>>> print(open('query.txt').read())   # compact mmCIF, C-alpha atoms
# COMPACT_ATOMS: atom_id res chain seq x y z
CA MET A 1 0.00 0.00 0.00
CA ASN A 2 1.13 3.54 -0.78
CA LEU A 3 -0.24 6.91 -1.90
CA PHE A 4 -1.07 5.46 -5.32
CA SER A 5 -3.14 2.56 -4.00
CA GLN A 6 -6.87 2.71 -4.66
CA TYR A 7 -9.11 3.19 -1.62
CA LYS A 8 -12.75 2.47 -0.90
CA LEU A 9 -14.29 5.32 1.12
CA GLY A 10 -17.72 4.01 2.04
CA ASP A 11 -19.25 3.28 -1.35
CA LEU A 12 -16.90 5.68 -3.17
CA ASP A 13 -13.92 4.30 -5.09
CA LEU A 14 -10.93 6.66 -4.84
CA LYS A 15 -8.27 6.21 -7.54
CA ASN A 16 -5.49 7.05 -5.08
CA ARG A 17 -5.00 8.02 -1.44
CA MET A 18 -3.92 11.60 -2.15
CA VAL A 19 -6.51 14.17 -1.08
CA MET A 20 -6.55 17.86 -1.97
CA ALA A 21 -6.95 19.60 1.40
CA PRO A 22 -9.44 22.43 1.92
CA MET A 23 -7.74 25.80 1.34
CA THR A 24 -9.29 29.26 1.62
CA ARG A 25 -8.47 31.20 -1.56
CA CYS A 26 -10.59 34.41 -1.17
CA ARG A 27 -11.67 34.64 -4.80
CA ALA A 28 -15.46 34.39 -4.50
CA LEU A 29 -17.70 36.92 -6.25
CA PRO A 30 -20.04 39.36 -4.46
CA GLY A 31 -22.71 37.44 -2.59
CA ASN A 32 -20.08 34.83 -1.68
CA VAL A 33 -20.75 33.06 -4.99
CA PRO A 34 -18.01 30.71 -6.24
CA ASN A 35 -15.84 32.34 -8.90
CA PRO A 36 -16.17 30.80 -12.40
CA LEU A 37 -12.37 30.41 -12.24
CA ALA A 38 -12.95 27.85 -9.46
CA VAL A 39 -14.20 25.45 -12.16
CA THR A 40 -10.75 25.49 -13.80
CA TYR A 41 -8.94 25.46 -10.44
CA TYR A 42 -10.62 22.30 -9.18
CA VAL A 43 -10.68 20.50 -12.56
CA GLN A 44 -6.90 21.02 -12.83
CA ARG A 45 -6.57 19.03 -9.59
CA ALA A 46 -9.11 16.30 -10.38
CA THR A 47 -6.40 13.60 -10.41
CA ALA A 48 -6.53 13.69 -6.60
CA GLY A 49 -8.28 10.68 -5.13
CA LEU A 50 -10.59 13.20 -3.47
CA ILE A 51 -10.89 17.00 -3.54
CA ILE A 52 -12.14 18.83 -0.45
CA THR A 53 -13.15 22.37 -1.34
CA GLU A 54 -12.27 25.54 0.49
CA GLY A 55 -14.45 26.20 3.54
CA SER A 56 -17.92 27.41 2.53
CA GLN A 57 -20.16 29.25 4.96
CA VAL A 58 -23.41 27.60 5.98
CA SER A 59 -25.00 31.01 6.69
CA PRO A 60 -24.26 34.75 6.44
CA GLN A 61 -23.50 34.59 10.20
CA GLY A 62 -20.65 32.15 9.46
CA VAL A 63 -18.59 34.59 7.33
CA GLY A 64 -15.19 35.74 8.64
CA TYR A 65 -13.06 36.43 5.58
CA VAL A 66 -13.25 38.59 2.47
CA SER A 67 -14.53 36.85 -0.70
CA THR A 68 -15.06 33.33 0.62
CA PRO A 69 -17.81 31.18 -0.95
CA GLY A 70 -20.96 30.04 0.80
CA ILE A 71 -23.47 27.22 0.41
CA HIS A 72 -26.63 28.89 1.72
CA SER A 73 -28.10 30.74 -1.30
CA PRO A 74 -29.47 29.57 -4.68
CA LEU A 75 -26.76 31.53 -6.54
CA GLN A 76 -24.04 29.85 -4.47
CA VAL A 77 -25.54 26.41 -5.15
CA ALA A 78 -25.64 27.20 -8.88
CA GLY A 79 -22.00 28.34 -8.80
CA TRP A 80 -20.87 25.17 -7.05
CA LYS A 81 -22.93 23.00 -9.44
CA LYS A 82 -20.73 24.16 -12.32
CA VAL A 83 -17.67 23.06 -10.30
CA THR A 84 -19.00 19.62 -9.40
CA GLU A 85 -20.20 18.87 -12.93
CA ALA A 86 -16.80 19.77 -14.40
CA VAL A 87 -14.85 17.81 -11.77
CA HIS A 88 -17.01 14.73 -12.33
CA LYS A 89 -16.58 15.05 -16.10
CA ALA A 90 -12.79 15.05 -15.48
CA GLY A 91 -13.12 11.84 -13.45
CA GLY A 92 -12.71 13.42 -10.01
CA LYS A 93 -14.52 13.12 -6.68
CA ILE A 94 -15.30 16.25 -4.64
CA PHE A 95 -16.58 17.03 -1.12
CA ILE A 96 -17.46 20.52 0.11
CA GLN A 97 -16.26 21.77 3.50
CA LEU A 98 -19.12 23.17 5.61
CA TRP A 99 -17.92 26.13 7.68
CA HIS A 100 -19.06 28.51 10.42
CA VAL A 101 -16.27 30.73 11.76
CA GLY A 102 -17.99 31.64 15.02
CA ARG A 103 -16.00 34.33 16.83
CA VAL A 104 -13.31 34.56 14.12
CA SER A 105 -15.26 37.32 12.39
CA HIS A 106 -16.05 41.03 12.74
CA PRO A 107 -19.17 43.24 12.74
CA ASP A 108 -18.01 44.50 9.31
CA PHE A 109 -18.99 41.09 7.88
CA LEU A 110 -22.18 40.75 9.92
CA GLY A 111 -24.13 43.94 9.26
CA GLY A 112 -22.83 45.48 12.48
CA GLU A 113 -23.79 42.48 14.66
CA LEU A 114 -21.29 40.86 17.01
CA PRO A 115 -19.79 37.50 16.02
CA VAL A 116 -21.16 34.52 17.98
CA ALA A 117 -19.26 32.02 20.12
CA PRO A 118 -19.85 29.56 22.97
CA SER A 119 -18.65 32.23 25.44
CA ALA A 120 -18.07 36.00 25.37
CA LEU A 121 -14.28 35.82 25.74
CA PRO A 122 -11.75 38.25 24.24
CA PHE A 123 -9.02 36.66 22.10
CA GLU A 124 -5.87 37.68 20.28
CA GLY A 125 -5.37 38.48 16.64
CA GLU A 126 -6.32 40.64 13.71
CA ILE A 127 -8.75 40.13 10.85
CA HIS A 128 -8.75 41.38 7.26
CA THR A 129 -12.03 43.14 6.47
CA VAL A 130 -13.01 45.10 3.38
CA GLN A 131 -11.95 48.19 5.37
CA GLY A 132 -8.51 46.69 6.05
CA LYS A 133 -6.93 45.00 9.08
CA LYS A 134 -8.83 45.28 12.36
CA LYS A 135 -8.50 43.74 15.82
CA PHE A 136 -10.90 40.96 16.74
CA VAL A 137 -13.84 42.06 18.88
CA THR A 138 -15.15 40.18 21.91
CA PRO A 139 -17.96 37.95 20.58
CA ARG A 140 -21.33 37.40 22.21
CA ALA A 141 -22.24 34.03 23.70
CA LEU A 142 -24.92 32.11 21.83
CA GLU A 143 -28.14 31.78 23.81
CA LEU A 144 -29.24 28.22 24.51
CA ASN A 145 -32.33 28.70 22.32
CA GLU A 146 -30.14 29.77 19.37
CA ILE A 147 -28.14 26.54 19.20
CA PRO A 148 -30.80 24.52 17.32
CA GLY A 149 -30.56 27.25 14.66
CA ILE A 150 -26.81 26.62 14.29
CA ILE A 151 -27.45 22.90 13.79
CA GLU A 152 -30.11 23.77 11.21
CA GLN A 153 -27.62 25.97 9.32
CA PHE A 154 -25.30 22.98 8.91
CA ARG A 155 -28.19 20.68 7.97
CA LYS A 156 -29.40 23.12 5.30
CA GLY A 157 -25.81 23.54 4.06
CA ALA A 158 -25.64 19.75 3.68
CA GLN A 159 -28.91 19.76 1.72
CA ASN A 160 -27.62 22.54 -0.54
CA ALA A 161 -24.37 20.61 -1.07
CA LYS A 162 -26.43 17.67 -2.30
CA ALA A 163 -28.37 19.94 -4.67
CA ALA A 164 -25.03 21.29 -5.95
CA GLY A 165 -23.91 17.78 -6.92
CA PHE A 166 -21.12 17.12 -4.41
CA ASP A 167 -20.09 13.57 -3.54
CA GLY A 168 -20.18 14.33 0.19
CA VAL A 169 -19.32 16.94 2.81
CA GLU A 170 -16.62 17.64 5.37
CA ILE A 171 -17.68 19.46 8.55
CA HIS A 172 -15.08 22.02 9.66
CA GLY A 173 -14.43 21.30 13.33
CA ALA A 174 -10.85 22.64 13.30
CA ASN A 175 -8.67 25.78 13.28
CA GLY A 176 -10.42 27.70 16.03
CA TYR A 177 -13.78 28.04 14.26
CA LEU A 178 -17.20 27.61 15.85
CA LEU A 179 -17.34 23.84 16.46
CA ASP A 180 -13.71 23.85 17.65
CA GLN A 181 -14.58 26.75 19.98
CA PHE A 182 -17.31 24.63 21.59
CA GLN A 183 -15.04 21.58 21.80
CA ARG A 184 -12.16 23.15 23.74
CA ASN A 185 -12.33 24.53 27.28
CA GLY A 186 -10.05 27.48 26.53
CA SER A 187 -12.85 29.00 24.44
CA ASN A 188 -15.91 27.37 26.03
CA ARG A 189 -16.80 28.49 29.57
CA ARG A 190 -20.50 27.70 29.38
CA THR A 191 -22.35 26.30 32.40
CA ASP A 192 -25.30 24.77 30.52
CA LYS A 193 -25.46 21.43 28.68
CA TYR A 194 -23.02 22.70 26.01
CA GLY A 195 -20.18 23.50 28.42
CA GLY A 196 -18.13 22.14 31.30
CA SER A 197 -17.52 18.42 30.89
CA VAL A 198 -15.83 16.94 27.83
CA GLN A 199 -19.17 15.29 26.98
CA ASN A 200 -21.02 18.61 27.08
CA ARG A 201 -18.40 20.41 25.01
CA ALA A 202 -18.61 17.73 22.31
CA ARG A 203 -22.41 17.93 22.24
CA LEU A 204 -22.74 20.56 19.50
CA PRO A 205 -20.18 18.97 17.15
CA LEU A 206 -21.92 15.60 17.55
CA GLU A 207 -25.39 17.10 17.03
CA VAL A 208 -24.14 18.80 13.85
CA ILE A 209 -22.67 15.50 12.61
CA GLU A 210 -25.96 13.72 13.33
CA ALA A 211 -27.94 16.37 11.41
CA VAL A 212 -25.60 16.31 8.41
CA ALA A 213 -25.45 12.50 8.37
CA GLY A 214 -29.25 12.56 8.31
CA VAL A 215 -29.03 14.32 4.94
CA TRP A 216 -26.13 12.42 3.37
CA GLY A 217 -25.76 9.12 5.17
CA ALA A 218 -22.84 8.94 7.60
CA ASP A 219 -20.37 7.39 5.15
CA ARG A 220 -20.49 10.54 2.96
CA VAL A 221 -19.60 12.81 5.89
CA GLY A 222 -16.09 13.72 7.08
CA TYR A 223 -15.08 15.72 10.15
CA ARG A 224 -11.90 17.81 10.51
CA ILE A 225 -10.01 18.46 13.76
CA SER A 226 -6.78 20.27 14.67
CA PRO A 227 -6.00 19.43 18.32
CA HIS A 228 -2.61 21.20 18.22
CA PHE A 229 -3.89 24.50 16.80
CA SER A 230 -3.31 27.47 19.14
CA ASN A 231 -3.85 30.58 17.00
CA TYR A 232 -6.82 32.84 17.88
CA SER A 233 -6.01 32.11 21.58
CA MET A 234 -7.25 28.51 21.21
CA SER A 235 -6.32 26.07 23.97
CA ASP A 236 -7.48 23.07 25.95
CA THR A 237 -6.25 21.84 29.34
CA ASN A 238 -6.44 18.18 28.27
CA PRO A 239 -6.45 17.81 24.46
CA ARG A 240 -5.82 14.07 24.72
CA GLN A 241 -9.03 13.56 26.71
CA THR A 242 -11.04 16.07 24.66
CA PHE A 243 -10.22 14.58 21.26
CA SER A 244 -10.11 10.95 22.40
CA TYR A 245 -13.71 11.32 23.58
CA LEU A 246 -14.73 12.83 20.24
CA ALA A 247 -13.02 10.02 18.30
CA GLU A 248 -14.79 7.40 20.45
CA GLN A 249 -18.17 9.02 19.79
CA LEU A 250 -17.51 9.24 16.06
CA ASN A 251 -17.26 5.44 16.00
CA ASN A 252 -20.96 5.34 16.89
CA PHE A 253 -21.88 7.33 13.76
CA GLY A 254 -19.82 5.42 11.21
CA ILE A 255 -18.76 8.62 9.48
CA GLY A 256 -16.78 8.47 6.24
CA TYR A 257 -13.54 9.78 7.69
CA LEU A 258 -11.84 11.79 10.42
CA HIS A 259 -9.43 14.40 9.02
CA MET A 260 -6.73 15.42 11.49
CA VAL A 261 -4.28 18.30 11.10
CA GLU A 262 -0.91 17.61 12.70
CA PRO A 263 1.64 20.24 13.77
CA VAL A 264 4.53 20.90 11.40
CA GLY A 265 7.45 22.82 12.85
CA GLY A 266 5.14 25.08 14.81
CA ARG A 267 3.28 26.15 11.64
CA MET A 268 -0.04 25.27 13.25
CA GLY A 269 0.91 27.18 16.38
CA ALA A 270 1.81 23.96 18.21
CA THR A 271 3.70 24.19 21.46
CA PRO A 272 6.77 21.99 22.06
CA GLN A 273 5.15 20.19 24.98
CA ASP A 274 2.26 18.97 22.82
CA ILE A 275 2.00 15.21 22.73
CA ARG A 276 1.49 13.91 19.19
CA LEU A 277 -2.14 12.83 19.18
CA ALA A 278 -2.38 11.14 15.78
CA PRO A 279 -1.24 7.68 17.01
CA ILE A 280 -3.68 7.90 19.93
CA ILE A 281 -6.58 8.88 17.65
CA ARG A 282 -5.57 6.11 15.22
CA ASP A 283 -5.96 3.53 17.99
CA ILE A 284 -9.36 4.85 19.06
CA PHE A 285 -11.07 5.76 15.78
CA LYS A 286 -12.17 2.68 13.82
CA GLY A 287 -12.96 4.41 10.52
CA THR A 288 -10.88 6.06 7.79
CA LEU A 289 -8.21 8.39 9.18
CA MET A 290 -6.91 11.18 6.96
CA LEU A 291 -3.79 13.05 8.12
CA ASN A 292 -2.57 16.49 7.04
CA GLY A 293 0.45 18.56 7.99
CA GLY A 294 3.49 19.08 5.80
CA TYR A 295 3.52 15.60 4.28
CA ASP A 296 5.49 15.00 1.08
CA ALA A 297 5.79 11.93 -1.18
CA ARG A 298 8.21 10.13 1.13
CA SER A 299 6.48 10.81 4.46
CA GLY A 300 3.02 10.32 2.92
CA ASN A 301 3.95 6.92 1.52
CA GLU A 302 5.52 5.96 4.83
CA ALA A 303 2.37 6.89 6.78
CA ILE A 304 0.24 4.74 4.44
CA GLU A 305 2.68 1.79 4.39
CA LYS A 306 2.85 1.74 8.20
CA SER A 307 -0.96 2.06 8.45
CA ASN A 308 -0.60 5.29 10.45
CA ALA A 309 -3.23 6.74 8.13
CA ASP A 310 -5.52 5.62 5.29
CA LEU A 311 -5.44 8.88 3.34
CA ILE A 312 -3.08 11.87 3.27
CA SER A 313 -4.24 15.38 2.39
CA PHE A 314 -1.93 17.90 0.78
CA GLY A 315 -2.56 21.64 0.86
CA VAL A 316 0.17 23.92 -0.46
CA LEU A 317 1.67 21.14 -2.61
CA PHE A 318 -1.65 20.69 -4.44
CA LEU A 319 -2.10 24.45 -4.69
CA ALA A 320 1.23 24.85 -6.52
CA ASN A 321 1.17 21.51 -8.39
CA PRO A 322 -2.15 20.78 -10.10
CA ASP A 323 -0.79 17.42 -11.29
CA LEU A 324 0.70 16.44 -7.92
CA PRO A 325 -0.05 12.67 -8.21
CA LEU A 326 1.80 12.51 -11.54
CA ARG A 327 4.77 14.47 -10.16
CA PHE A 328 4.99 12.17 -7.13
CA ARG A 329 4.76 9.08 -9.32
CA GLN A 330 7.54 10.31 -11.64
CA ASN A 331 9.60 11.83 -8.83
CA ALA A 332 9.46 15.06 -10.85
CA PRO A 333 10.45 18.54 -9.60
CA LEU A 334 7.72 20.48 -7.77
CA ASN A 335 6.57 24.04 -8.41
CA SER A 336 7.14 26.46 -5.53
CA ALA A 337 4.06 28.14 -4.10
CA ASP A 338 3.72 31.91 -4.40
CA VAL A 339 2.54 32.90 -0.91
CA SER A 340 1.74 36.46 -2.03
CA THR A 341 -1.11 35.10 -4.22
CA PHE A 342 -2.67 32.68 -1.71
CA TYR A 343 -5.53 35.07 -0.88
CA ILE A 344 -5.40 37.74 -3.59
CA GLY A 345 -5.40 37.85 -7.37
CA GLU A 346 -7.54 36.32 -10.05
CA GLU A 347 -5.83 33.79 -12.34
CA LYS A 348 -2.39 34.55 -10.91
CA GLY A 349 -1.35 31.98 -8.33
CA TYR A 350 -4.70 30.25 -8.81
CA ILE A 351 -4.98 28.57 -12.21
CA ASP A 352 -1.61 29.46 -13.78
CA TYR A 353 0.70 26.98 -12.04
CA PRO A 354 2.27 24.88 -14.83
CA LYS A 355 1.68 21.16 -15.27
CA LEU A 356 4.53 18.87 -16.26
>>> encode(input="query.txt", output="structure tokens")
Amino acid sequence: MNLFSQYKLGDLDLKNRMVMAPMTRCRALPGNVPNPLAVTYYVQRATAGLIITEGSQVSPQGVGYVSTPGIHSPLQVAGWKKVTEAVHKAGGKIFIQLWHVGRVSHPDFLGGELPVAPSALPFEGEIHTVQGKKKFVTPRALELNEIPGIIEQFRKGAQNAKAAGFDGVEIHGANGYLLDQFQRNGSNRRTDKYGGSVQNRARLPLEVIEAVAGVWGADRVGYRISPHFSNYSMSDTNPRQTFSYLAEQLNNFGIGYLHMVEPVGGRMGATPQDIRLAPIIRDIFKGTLMLNGGYDARSGNEAIEKSNADLISFGVLFLANPDLPLRFRQNAPLNSADVSTFYIGEEKGYIDYPKL
């Protein structure tokens, strides 16, 4: 077994074990509608075993970045439908990432309203708005009676993803966004049934998974975590316990995969004392485990061969190398990524990276 081995993900046949990771590209049109250029961008990378799209907001309340696509309006669904049809025609498989940023937003994105979070806690960092860089504001805590509405946003996003022709969905439970904020006790100080114990803090993520699985069937649903992530003042006093409990509970759902981001040289804001959780999660979670975090051809193959993971997702390498599987197979040179075009520009740094 290696990166080029076929893989059966539920009832989906993947031609290889290389996944294009979700990457925010900030090129959506007004109304958070996918850019027509996204059709070319994703088709160029359709040789991946699976594509996971950039995070797409499940509601206007979930927006936290300039020009990111959504999956909550008819125009957005129509824009994504063009992408899925083209990717399928090219022989690819594609999931959409369902996203709510929670507190990682600003009133500028929300019609003057405060961002929402599990708890009204200040946190560090700056955000790029259409008016330029601004400091994060202290969010407001979601009322207990608002939480069913959050679950409904994800459920409706899952329905819209089906209408747009995706093969499945990944729920964004990582990188300090809303579900991650509920999961970890550094950002969740609630005293009701959604806070306190590890079971209570996992309640919202698990209720969202249940709602989305109700639309798709569990085997077409993935969930992403990043236990080592510490940007946006994210922390947890016992990440091993917090994420072990989540992994155990996910076994009860039979979800398609668990997608875990590992630290790479501190790039994810990991602290040196962090214990590497991937082997622990691998032992607990009985389904497909996808790992991400600075993997290359050698380390990716090694992880598959040793059964440390079933799938490996590649972010920047797929961004800069549309034909990454071919380059890995031929041991060909790789294009370097142009960081200055990650979040700005039209074609440049988006669809103009050369193939072999």
>>> closest_residue(input="query.txt", among="A:Ser313, A:Ser187, A:Ser235, A:Thr288", to="A:Gly10", atoms="only C-alpha atoms")
A:Thr288
>>> residues_around(input="query.txt", residues="A:Asp180", least_positions_apart="6", cutoff="10 Å", atoms="only C-alpha atoms", output="list of chain:residue names")
A:Val101, A:Gly102, A:Pro118, A:His172, A:Gly173, A:Ala174, A:Ser187, A:Asn188, A:Arg201, A:Ala202, A:Leu204, A:Pro205, A:Arg224, A:Ile225, A:Ser226, A:Pro227, A:Phe229, A:Met234, A:Ser235
>>> write_last_selection(input="query.txt", atoms="C-alpha atoms", output="PDB file, keeping the file's coordinate frame")
ATOM      1  CA  VAL A 101     -16.270  30.730  11.760  1.00  0.00           C
ATOM      2  CA  GLY A 102     -17.990  31.640  15.020  1.00  0.00           C
ATOM      3  CA  PRO A 118     -19.850  29.560  22.970  1.00  0.00           C
ATOM      4  CA  HIS A 172     -15.080  22.020   9.660  1.00  0.00           C
ATOM      5  CA  GLY A 173     -14.430  21.300  13.330  1.00  0.00           C
ATOM      6  CA  ALA A 174     -10.850  22.640  13.300  1.00  0.00           C
ATOM      7  CA  SER A 187     -12.850  29.000  24.440  1.00  0.00           C
ATOM      8  CA  ASN A 188     -15.910  27.370  26.030  1.00  0.00           C
ATOM      9  CA  ARG A 201     -18.400  20.410  25.010  1.00  0.00           C
ATOM     10  CA  ALA A 202     -18.610  17.730  22.310  1.00  0.00           C
ATOM     11  CA  LEU A 204     -22.740  20.560  19.500  1.00  0.00           C
ATOM     12  CA  PRO A 205     -20.180  18.970  17.150  1.00  0.00           C
ATOM     13  CA  ARG A 224     -11.900  17.810  10.510  1.00  0.00           C
ATOM     14  CA  ILE A 225     -10.010  18.460  13.760  1.00  0.00           C
ATOM     15  CA  SER A 226      -6.780  20.270  14.670  1.00  0.00           C
ATOM     16  CA  PRO A 227      -6.000  19.430  18.320  1.00  0.00           C
ATOM     17  CA  PHE A 229      -3.890  24.500  16.800  1.00  0.00           C
ATOM     18  CA  MET A 234      -7.250  28.510  21.210  1.00  0.00           C
ATOM     19  CA  SER A 235      -6.320  26.070  23.970  1.00  0.00           C
TER      20      SER A 235
END
>>> residues_around(input="query.txt", residues="stretch 324-336 of chain A", least_positions_apart="6", cutoff="8 Å", atoms="all atoms listed in the file", output="PyMOL selection string")
chain A and resi 4+18+45+47-48+297+317-318+353-354+356
>>> atom_distance(input="query.txt", atom1="atom CA of A:Glu347", atom2="atom CA of A:Leu37")
7.4 Å
>>> residues_around(input="query.txt", residues="stretch 78-84 of chain A", least_positions_apart="6", cutoff="7 Å", atoms="all atoms listed in the file", output="list in words")
Val33, Pro34, Ala38, Val39, Ile94, Ala164, Gly165 and Phe166 of chain A
>>> write_last_selection(input="query.txt", atoms="C-alpha atoms", output="PDB file, keeping the file's coordinate frame")
ATOM      1  CA  VAL A  33     -20.750  33.060  -4.990  1.00  0.00           C
ATOM      2  CA  PRO A  34     -18.010  30.710  -6.240  1.00  0.00           C
ATOM      3  CA  ALA A  38     -12.950  27.850  -9.460  1.00  0.00           C
ATOM      4  CA  VAL A  39     -14.200  25.450 -12.160  1.00  0.00           C
ATOM      5  CA  ILE A  94     -15.300  16.250  -4.640  1.00  0.00           C
ATOM      6  CA  ALA A 164     -25.030  21.290  -5.950  1.00  0.00           C
ATOM      7  CA  GLY A 165     -23.910  17.780  -6.920  1.00  0.00           C
ATOM      8  CA  PHE A 166     -21.120  17.120  -4.410  1.00  0.00           C
TER       9      PHE A 166
END
>>> closest_residue(input="query.txt", among="A:Lys93, A:Arg103, A:Arg17, A:His128", to="A:Ser67", atoms="all atoms listed in the file")
A:His128
>>> closest_residue(input="query.txt", among="A:Gly294, A:Arg25, A:Phe154, A:Met1", to="A:Gly62", atoms="only C-alpha atoms")
A:Phe154
>>> residues_around(input="query.txt", residues="A:Gly349", least_positions_apart="2", cutoff="10 Å", atoms="all atoms listed in the file", output="ChimeraX atom specification")
/A:25,319-320,337-347,351-353
>>> write_last_selection(input="query.txt", atoms="C-alpha atoms", output="short mmCIF file (atom, residue, chain, number, x, y, z; two decimals), keeping the file's coordinate frame")
data_model
loop_
_atom_site.label_atom_id
_atom_site.label_comp_id
_atom_site.auth_asym_id
_atom_site.auth_seq_id
_atom_site.Cartn_x
_atom_site.Cartn_y
_atom_site.Cartn_z
CA ARG A 25 -8.47 31.20 -1.56
CA LEU A 319 -2.10 24.45 -4.69
CA ALA A 320 1.23 24.85 -6.52
CA ALA A 337 4.06 28.14 -4.10
CA ASP A 338 3.72 31.91 -4.40
CA VAL A 339 2.54 32.90 -0.91
CA SER A 340 1.74 36.46 -2.03
CA THR A 341 -1.11 35.10 -4.22
CA PHE A 342 -2.67 32.68 -1.71
CA TYR A 343 -5.53 35.07 -0.88
CA ILE A 344 -5.40 37.74 -3.59
CA GLY A 345 -5.40 37.85 -7.37
CA GLU A 346 -7.54 36.32 -10.05
CA GLU A 347 -5.83 33.79 -12.34
CA ILE A 351 -4.98 28.57 -12.21
CA ASP A 352 -1.61 29.46 -13.78
CA TYR A 353 0.70 26.98 -12.04
#
>>> residues_around(input="query.txt", residues="A:Gly254", least_positions_apart="5", cutoff="9 Å", atoms="all atoms listed in the file", output="list in words")
Ala218, Asp219, Lys286 and Gly287 of chain A
>>> closest_residue(input="query.txt", among="A:Phe285, A:Tyr232, A:Tyr350, A:Phe95", to="A:Val316", atoms="only C-alpha atoms")
A:Tyr350
>>> atom_distance(input="query.txt", atom1="atom CA of A:Asp283", atom2="atom CA of A:Tyr245")
12.3 Å
>>> closest_residue(input="query.txt", among="A:Val116, A:Ile127, A:Val104, A:Leu98", to="A:Val169", atoms="only C-alpha atoms")
A:Leu98
>>> atom_distance(input="query.txt", atom1="atom CA of A:Val43", atom2="atom CA of A:Asn321")
12.6 Å
>>> closest_residue(input="query.txt", among="A:Ala90, A:Ala46, A:Ala28, A:Ala303", to="A:Thr68", atoms="all atoms listed in the file")
A:Ala28
>>> residues_near_point(input="query.txt", point="(-33.4, 32.8, 0.8)", cutoff="12 Å", atoms="all atoms listed in the file", output="list in words")
Ser59, Pro60, Ile71, His72, Ser73, Pro74, Leu75, Gln76, Val77, Lys156 and Asn160 of chain A
